[in-house]
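Visitor: Just so it is clear, I am handing over final27.txt, which has compact mmCIF, C-alpha atoms.
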# COMPACT_ATOMS: atom_id res chain seq x y z
CA MET Z 29 71.73 -15.29 101.36
CA SER Z 30 69.54 -13.12 99.13
CA PRO Z 31 70.79 -9.80 97.74
CA ALA Z 32 69.84 -6.60 99.51
CA PRO Z 33 66.70 -4.98 98.10
CA ILE Z 34 67.16 -1.95 95.89
CA SER Z 35 65.84 1.19 97.55
CA ALA Z 36 63.06 3.21 95.92
CA SER Z 37 65.30 6.28 95.75
CA ARG Z 38 68.03 4.33 93.93
CA MET Z 39 65.50 2.94 91.41
CA ARG Z 40 64.08 6.42 90.90
CA ALA Z 41 67.55 7.86 90.36
CA GLY Z 42 68.21 5.25 87.64
CA ALA Z 43 64.90 6.05 85.96
CA ASP Z 44 65.78 9.75 86.02
CA VAL Z 45 69.18 9.09 84.40
CA VAL Z 46 67.52 7.06 81.65
CA ALA Z 47 64.81 9.69 81.08
CA GLN Z 48 67.44 12.42 80.75
CA SER Z 49 69.87 10.44 78.59
CA ARG Z 50 67.38 8.84 76.18
CA ARG Z 51 66.69 12.21 74.52
CA SER Z 52 70.18 12.07 72.97
CA VAL Z 53 70.10 8.49 71.66
CA VAL Z 54 69.46 7.73 67.98
CA GLY Z 55 69.22 4.63 65.82
CA VAL Z 56 71.81 4.15 63.08
CA ARG Z 57 70.95 2.30 59.86
CA ALA Z 58 73.41 1.52 57.07
CA VAL Z 59 72.75 -0.68 54.03
CA SER Z 60 73.74 -3.93 55.73
CA SER Z 61 74.27 -2.97 59.37
CA GLY Z 62 72.78 -0.92 62.16
CA GLY Z 63 73.07 -0.03 65.79
CA THR Z 64 72.79 2.80 68.25
CA GLY Z 65 74.44 6.20 68.37
CA TRP Z 66 74.27 9.27 70.56
CA VAL Z 67 74.54 13.00 70.04
CA ALA Z 68 78.00 14.11 71.15
CA LEU Z 69 77.97 17.79 70.07
CA GLY Z 70 75.38 20.51 69.66
CA ASN Z 71 75.83 20.50 65.87
CA GLY Z 72 74.28 17.01 65.82
CA LEU Z 73 77.52 15.02 65.51
CA VAL Z 74 76.72 11.42 66.44
CA LEU Z 75 79.18 8.94 67.93
CA THR Z 76 78.56 5.26 67.28
CA SER Z 77 80.49 2.09 66.60
CA GLN Z 78 82.16 1.14 63.34
CA GLU Z 79 80.07 -2.03 63.43
CA SER Z 80 76.91 0.14 63.22
CA VAL Z 81 77.97 1.92 60.02
CA GLY Z 82 79.90 -0.91 58.41
CA TYR Z 83 81.93 0.51 55.54
CA GLN Z 84 79.24 2.89 54.28
CA SER Z 85 79.81 6.61 53.78
CA GLU Z 86 76.09 7.45 54.02
CA VAL Z 87 73.67 6.20 56.70
CA PHE Z 88 70.29 7.14 58.16
CA LEU Z 89 69.70 8.29 61.71
CA GLU Z 90 66.38 7.47 63.34
CA LEU Z 91 65.37 10.05 65.92
CA PRO Z 92 63.31 9.28 69.04
CA THR Z 93 60.30 10.84 67.25
CA GLY Z 94 60.57 8.26 64.45
CA LYS Z 95 61.87 10.80 61.93
CA ARG Z 96 64.67 9.53 59.65
CA VAL Z 97 67.53 11.90 58.79
CA PRO Z 98 70.46 11.21 56.43
CA GLY Z 99 73.96 11.31 57.85
CA ARG Z 100 77.47 11.28 56.41
CA VAL Z 101 80.11 9.09 58.04
CA LEU Z 102 83.02 11.46 58.67
CA TRP Z 103 85.48 9.23 60.50
CA VAL Z 104 85.90 5.55 61.34
CA ASP Z 105 88.40 3.75 63.55
CA VAL Z 106 88.00 0.03 62.96
CA ALA Z 107 90.48 -0.97 65.69
CA ARG Z 108 88.59 0.98 68.35
CA ASP Z 109 85.15 0.20 66.84
CA LEU Z 110 84.21 3.92 66.66
CA ALA Z 111 82.60 6.12 64.01
CA LEU Z 112 81.38 9.72 63.72
CA ILE Z 113 78.29 10.71 61.71
CA LEU Z 114 77.25 14.25 60.80
CA PRO Z 115 73.69 15.01 59.70
CA PRO Z 116 73.15 17.83 57.18
CA GLU Z 117 71.74 20.06 59.95
CA PRO Z 118 71.59 19.96 63.76
CA LEU Z 119 69.16 17.36 65.09
CA GLY Z 120 67.76 19.53 67.88
CA LEU Z 121 68.71 16.90 70.45
CA PRO Z 122 70.83 17.69 73.51
CA PRO Z 123 74.35 16.23 73.54
CA LEU Z 124 75.47 13.79 76.20
CA PHE Z 125 78.59 14.80 78.07
CA THR Z 126 81.52 12.48 78.61
CA ARG Z 127 83.24 11.72 81.87
CA PRO Z 128 87.03 12.14 81.64
CA ASP Z 129 88.02 9.35 84.02
CA LEU Z 130 87.56 5.59 83.97
CA PRO Z 131 84.73 4.16 86.03
CA ARG Z 132 85.39 2.47 89.35
CA LEU Z 133 85.34 -1.28 89.79
CA GLY Z 134 81.79 -2.32 90.73
CA GLU Z 135 80.27 0.97 89.51
CA PRO Z 136 76.82 0.56 87.96
CA VAL Z 137 76.34 1.65 84.36
CA PHE Z 138 73.28 1.99 82.13
CA ALA Z 139 73.31 1.18 78.43
CA LEU Z 140 70.72 2.78 76.16
CA SER Z 141 70.13 0.87 72.92
CA PHE Z 142 67.92 2.18 70.13
CA ILE Z 143 68.06 0.09 66.99
CA PRO Z 144 65.92 1.44 64.12
CA GLY Z 145 62.47 -0.14 64.09
CA GLN Z 146 62.71 -1.30 67.70
CA PRO Z 147 61.83 0.34 71.01
CA LEU Z 148 64.49 1.87 73.25
CA ARG Z 149 66.05 -0.76 75.47
CA VAL Z 150 67.88 -0.12 78.71
CA GLY Z 151 70.30 -2.49 80.37
CA SER Z 152 72.34 -2.20 83.51
CA ALA Z 153 75.57 -3.86 84.53
CA LEU Z 154 78.52 -3.43 86.84
CA VAL Z 155 82.05 -2.58 85.79
CA SER Z 156 83.94 -5.83 86.35
CA ALA Z 157 87.48 -4.96 85.17
CA LEU Z 158 89.42 -1.79 84.40
CA ASP Z 159 92.10 -0.94 81.87
CA ARG Z 160 91.71 -4.19 80.03
CA PRO Z 161 94.56 -4.37 77.50
CA ILE Z 162 93.13 -4.69 73.99
CA GLY Z 163 96.03 -3.48 71.87
CA THR Z 164 96.09 0.28 72.29
CA ILE Z 165 92.41 0.51 73.21
CA ARG Z 166 91.50 1.86 76.63
CA ALA Z 167 88.65 -0.42 77.70
CA PHE Z 168 86.77 -1.75 80.69
CA ASP Z 169 84.67 -4.89 81.12
CA LEU Z 170 81.05 -5.24 82.12
CA ASP Z 171 79.69 -8.21 84.01
CA ALA Z 172 76.95 -8.84 81.42
CA PRO Z 173 76.37 -8.23 77.70
CA ILE Z 174 73.79 -5.45 77.92
CA CYS Z 175 73.85 -3.30 74.83
CA ALA Z 176 73.71 -2.98 71.09
CA SER Z 177 76.72 -1.83 69.15
CA GLY Z 178 77.30 1.91 69.61
CA SER Z 179 75.21 2.29 72.76
CA PRO Z 180 76.27 4.96 75.23
CA LEU Z 181 77.19 3.63 78.65
CA VAL Z 182 76.27 6.25 81.22
CA ASP Z 183 77.00 6.59 84.91
CA ALA Z 184 74.55 7.49 87.68
CA GLU Z 185 74.81 11.17 86.69
CA GLY Z 186 74.10 10.56 83.00
CA ARG Z 187 77.69 11.14 81.83
CA VAL Z 188 79.05 8.87 79.13
CA LEU Z 189 81.75 6.48 80.34
CA GLY Z 190 82.19 4.61 77.10
CA ILE Z 191 80.57 3.06 74.10
CA GLY Z 192 79.31 -0.50 74.11
CA GLY Z 193 79.46 -3.29 71.64
CA LEU Z 194 83.09 -4.40 71.56
CA ASP Z 195 82.79 -8.13 72.19
CA LEU Z 196 85.72 -10.18 73.34
CA PRO Z 197 86.88 -12.06 71.48
CA ARG Z 198 85.78 -9.94 68.53
CA GLY Z 199 82.52 -11.41 67.30
CA ALA Z 200 81.66 -13.25 70.53
CA ARG Z 201 78.04 -12.09 70.43
CA ARG Z 202 77.53 -13.76 67.06
CA SER Z 203 79.44 -16.95 67.82
CA GLY Z 204 77.78 -17.77 71.14
CA ALA Z 205 81.00 -17.40 73.16
CA PRO Z 206 80.76 -16.70 76.91
CA PRO Z 207 79.04 -13.41 77.72
CA GLU Z 208 81.84 -10.97 78.25
CA GLN Z 209 81.67 -7.44 76.95
CA ALA Z 210 84.22 -4.67 76.88
CA ALA Z 211 83.40 -1.02 76.48
CA THR Z 212 85.67 1.44 74.73
CA ALA Z 213 86.42 4.22 77.21
CA LEU Z 214 86.15 7.74 75.84
Can the structure from this file be put into structure tokens for me?

Guide:
Amino acid sequence: MSPAPISASRMRAGADVVAQSRRSVVGVRAVSSGGTGWVALGNGLVLTSQESVGYQSEVFLELPTGKRVPGRVLWVDVARDLALILPPEPLGLPPLFTRPDLPRLGEPVFALSFIPGQPLRVGSALVSALDRPIGTIRAFDLDAPICASGSPLVDAEGRVLGIGGLDLPRGARRSGAPPEQAATAL
């Protein structure tokens, strides 16, 4: 039995979510690491993963226009794979808004990945497990590895559900382990 075709309106809705959300996505480049981040506040504060910034206190942000802006790493939580970066002045990019609740099982999500020097990439997946216990981290699983470290995972309305890149077991992407990816819920 073949899967049901995706309706034109559903495909268009996904394209609209991506078009709206991509304006807030930036590339993150540290000395020996990099990834994706997204504007979380109007002052330009960027949320990304700890893996994207490594252990650097200064990084560069690459804007969708190609402009590079310095940023200072203000906060890092290694256990939750999160980091906050503040540029010296607002970036002029709209912030993405977070959704306060966990996604539903089977809910589609979009991941927007923008690694410096590469084009924006979009992936989609379904939420395959909720409240996965990873220590004290509130996480959910996706049915496919779809995003770079620090990528925002947005719902059908463009609200951020979580941040991608936390592989299980830690480092699975690099070791070739089965494709299973958890997202840190915000």

Visitor: Grab the CA of Leu133 (chain Z) to CA of Cys175 (chain Z) distance for me, in Å with one decimal place.

Guide: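 About the pair CA of Leu133 (chain Z) and CA of Cys175 (chain Z): they are 19.0 Å apart.
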
Visitor: What's around Ile113 (chain Z) at 7 Å? Count all atoms listed in the file, leave out sequence neighbours fewer than 2 positions away in its own chain, and write the answer as JSON, numbers by chain.

Guide: {"Z": [73, 74, 75, 99, 100, 101, 102, 111, 115]}

Visitor: For Tyr83 (chain Z), which residue out of Z:Phe168, Z:Phe142, Z:Trp103, Z:Phe125 is the nearest one, using all atoms listed in the file?

Guide: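 For Tyr83 (chain Z), the nearest of the given residues is Z:Trp103.
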
Visitor: List the spatial neighbours of Arg187 (chain Z) as number ranges by chain - criterion: any atom at most 8 Å away, only C-alpha atoms, same-chain residues fewer than 6 positions off excluded.

Guide: Z: 124-127

Visitor: Deliver the residues from the most recent selection as a file, using C-alpha atoms, as a CSV table (one decimal), keeping the file's coordinate frame.

Guide:
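Output below, filename again.csv:
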chain,number,residue,atom,x,y,z
Z,124,LEU,CA,75.5,13.8,76.2
Z,125,PHE,CA,78.6,14.8,78.1
Z,126,THR,CA,81.5,12.5,78.6
Z,127,ARG,CA,83.2,11.7,81.9

Visitor: Please identify all polymer residues within 6 Å of Ala58 (chain Z), counting all atoms listed in the file, omitting same-chain residues fewer than 4 positions from it, and present them as a list in words.

Guide: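 Counting all atoms listed in the file, the residues come to Gly62, Val81 and Val87 of chain Z.
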
Visitor: Just C-alpha atoms for this one: save the residues we selected as an mmCIF file, keeping the file's coordinate frame.

Guide:
data_model
loop_
_atom_site.group_PDB
_atom_site.id
_atom_site.type_symbol
_atom_site.label_atom_id
_atom_site.label_comp_id
_atom_site.auth_asym_id
_atom_site.auth_seq_id
_atom_site.Cartn_x
_atom_site.Cartn_y
_atom_site.Cartn_z
ATOM 1 C CA GLY Z 62 72.780 -0.920 62.160
ATOM 2 C CA VAL Z 81 77.970 1.920 60.020
ATOM 3 C CA VAL Z 87 73.670 6.200 56.700
#

Visitor: In Å, how far is it from CA of Gly82 (chain Z) to CA of Ser152 (chain Z)?

Guide: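 Calculated distance between CA of Gly82 (chain Z) and CA of Ser152 (chain Z) is 26.2 Å.
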
Visitor: Check the smallest atom-to-atom distance from each of Z:Thr64, Z:Asp183, Z:Ala167, Z:Ser52 to Ala153 (chain Z) using only C-alpha atoms, then report the winner.

Guide: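 Answer, going by the shortest atom-to-atom distance: Z:Asp183.
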
Visitor: Just give me the gap between CA of Ser177 (chain Z) and CA of Ser77 (chain Z) in Å, one decimal is fine.

Guide: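 Value for the CA of Ser177 (chain Z)-CA of Ser77 (chain Z) distance: 6.0 Å.
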
Visitor: Considering all atoms listed in the file, can you say which of Z:Pro123, Z:Ala157, Z:Ala68, Z:Glu79 comes closest to Arg108 (chain Z)?

Guide: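 So, comparing all the options, the nearest one is Z:Glu79.
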
Visitor: Need to verify the contact set: Gly145 (chain Z), 9 Å, only C-alpha atoms, exclusion of same-chain residues closer than 6 positions in sequence. Can you return it as a list in words?

Guide: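 Here the answer would be Gly55, Glu90 and Gly94 of chain Z.
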
Visitor: Counting all atoms listed in the file, which residue out of Z:Phe138, Z:Asp169, Z:Gly63, Z:Val56 sits closest to Asp44 (chain Z)?

Guide: Z:Phe138

Visitor: Select, from Z:Gln48, Z:Trp66, Z:Pro98, Z:Asp129, the residue with the minimum atom-to-atom distance to Pro180 (chain Z), counting all atoms listed in the file.

Guide: Z:Trp66

Visitor: Which is closest to Val46 (chain Z) among Z:Ile191, Z:Val137, Z:Ile174, Z:Val155, if we use all atoms listed in the file?

Guide: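 Smallest separation from Val46 (chain Z) among the options: Z:Val137.
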
Visitor: Could you give me, as an NGL selection string, the residues within 9 Å of Leu119 (chain Z), counting all atoms listed in the file and dropping anything in the same chain fewer than 6 positions from it?

Guide: :Z and (67 or 70-73 or 91 or 97)
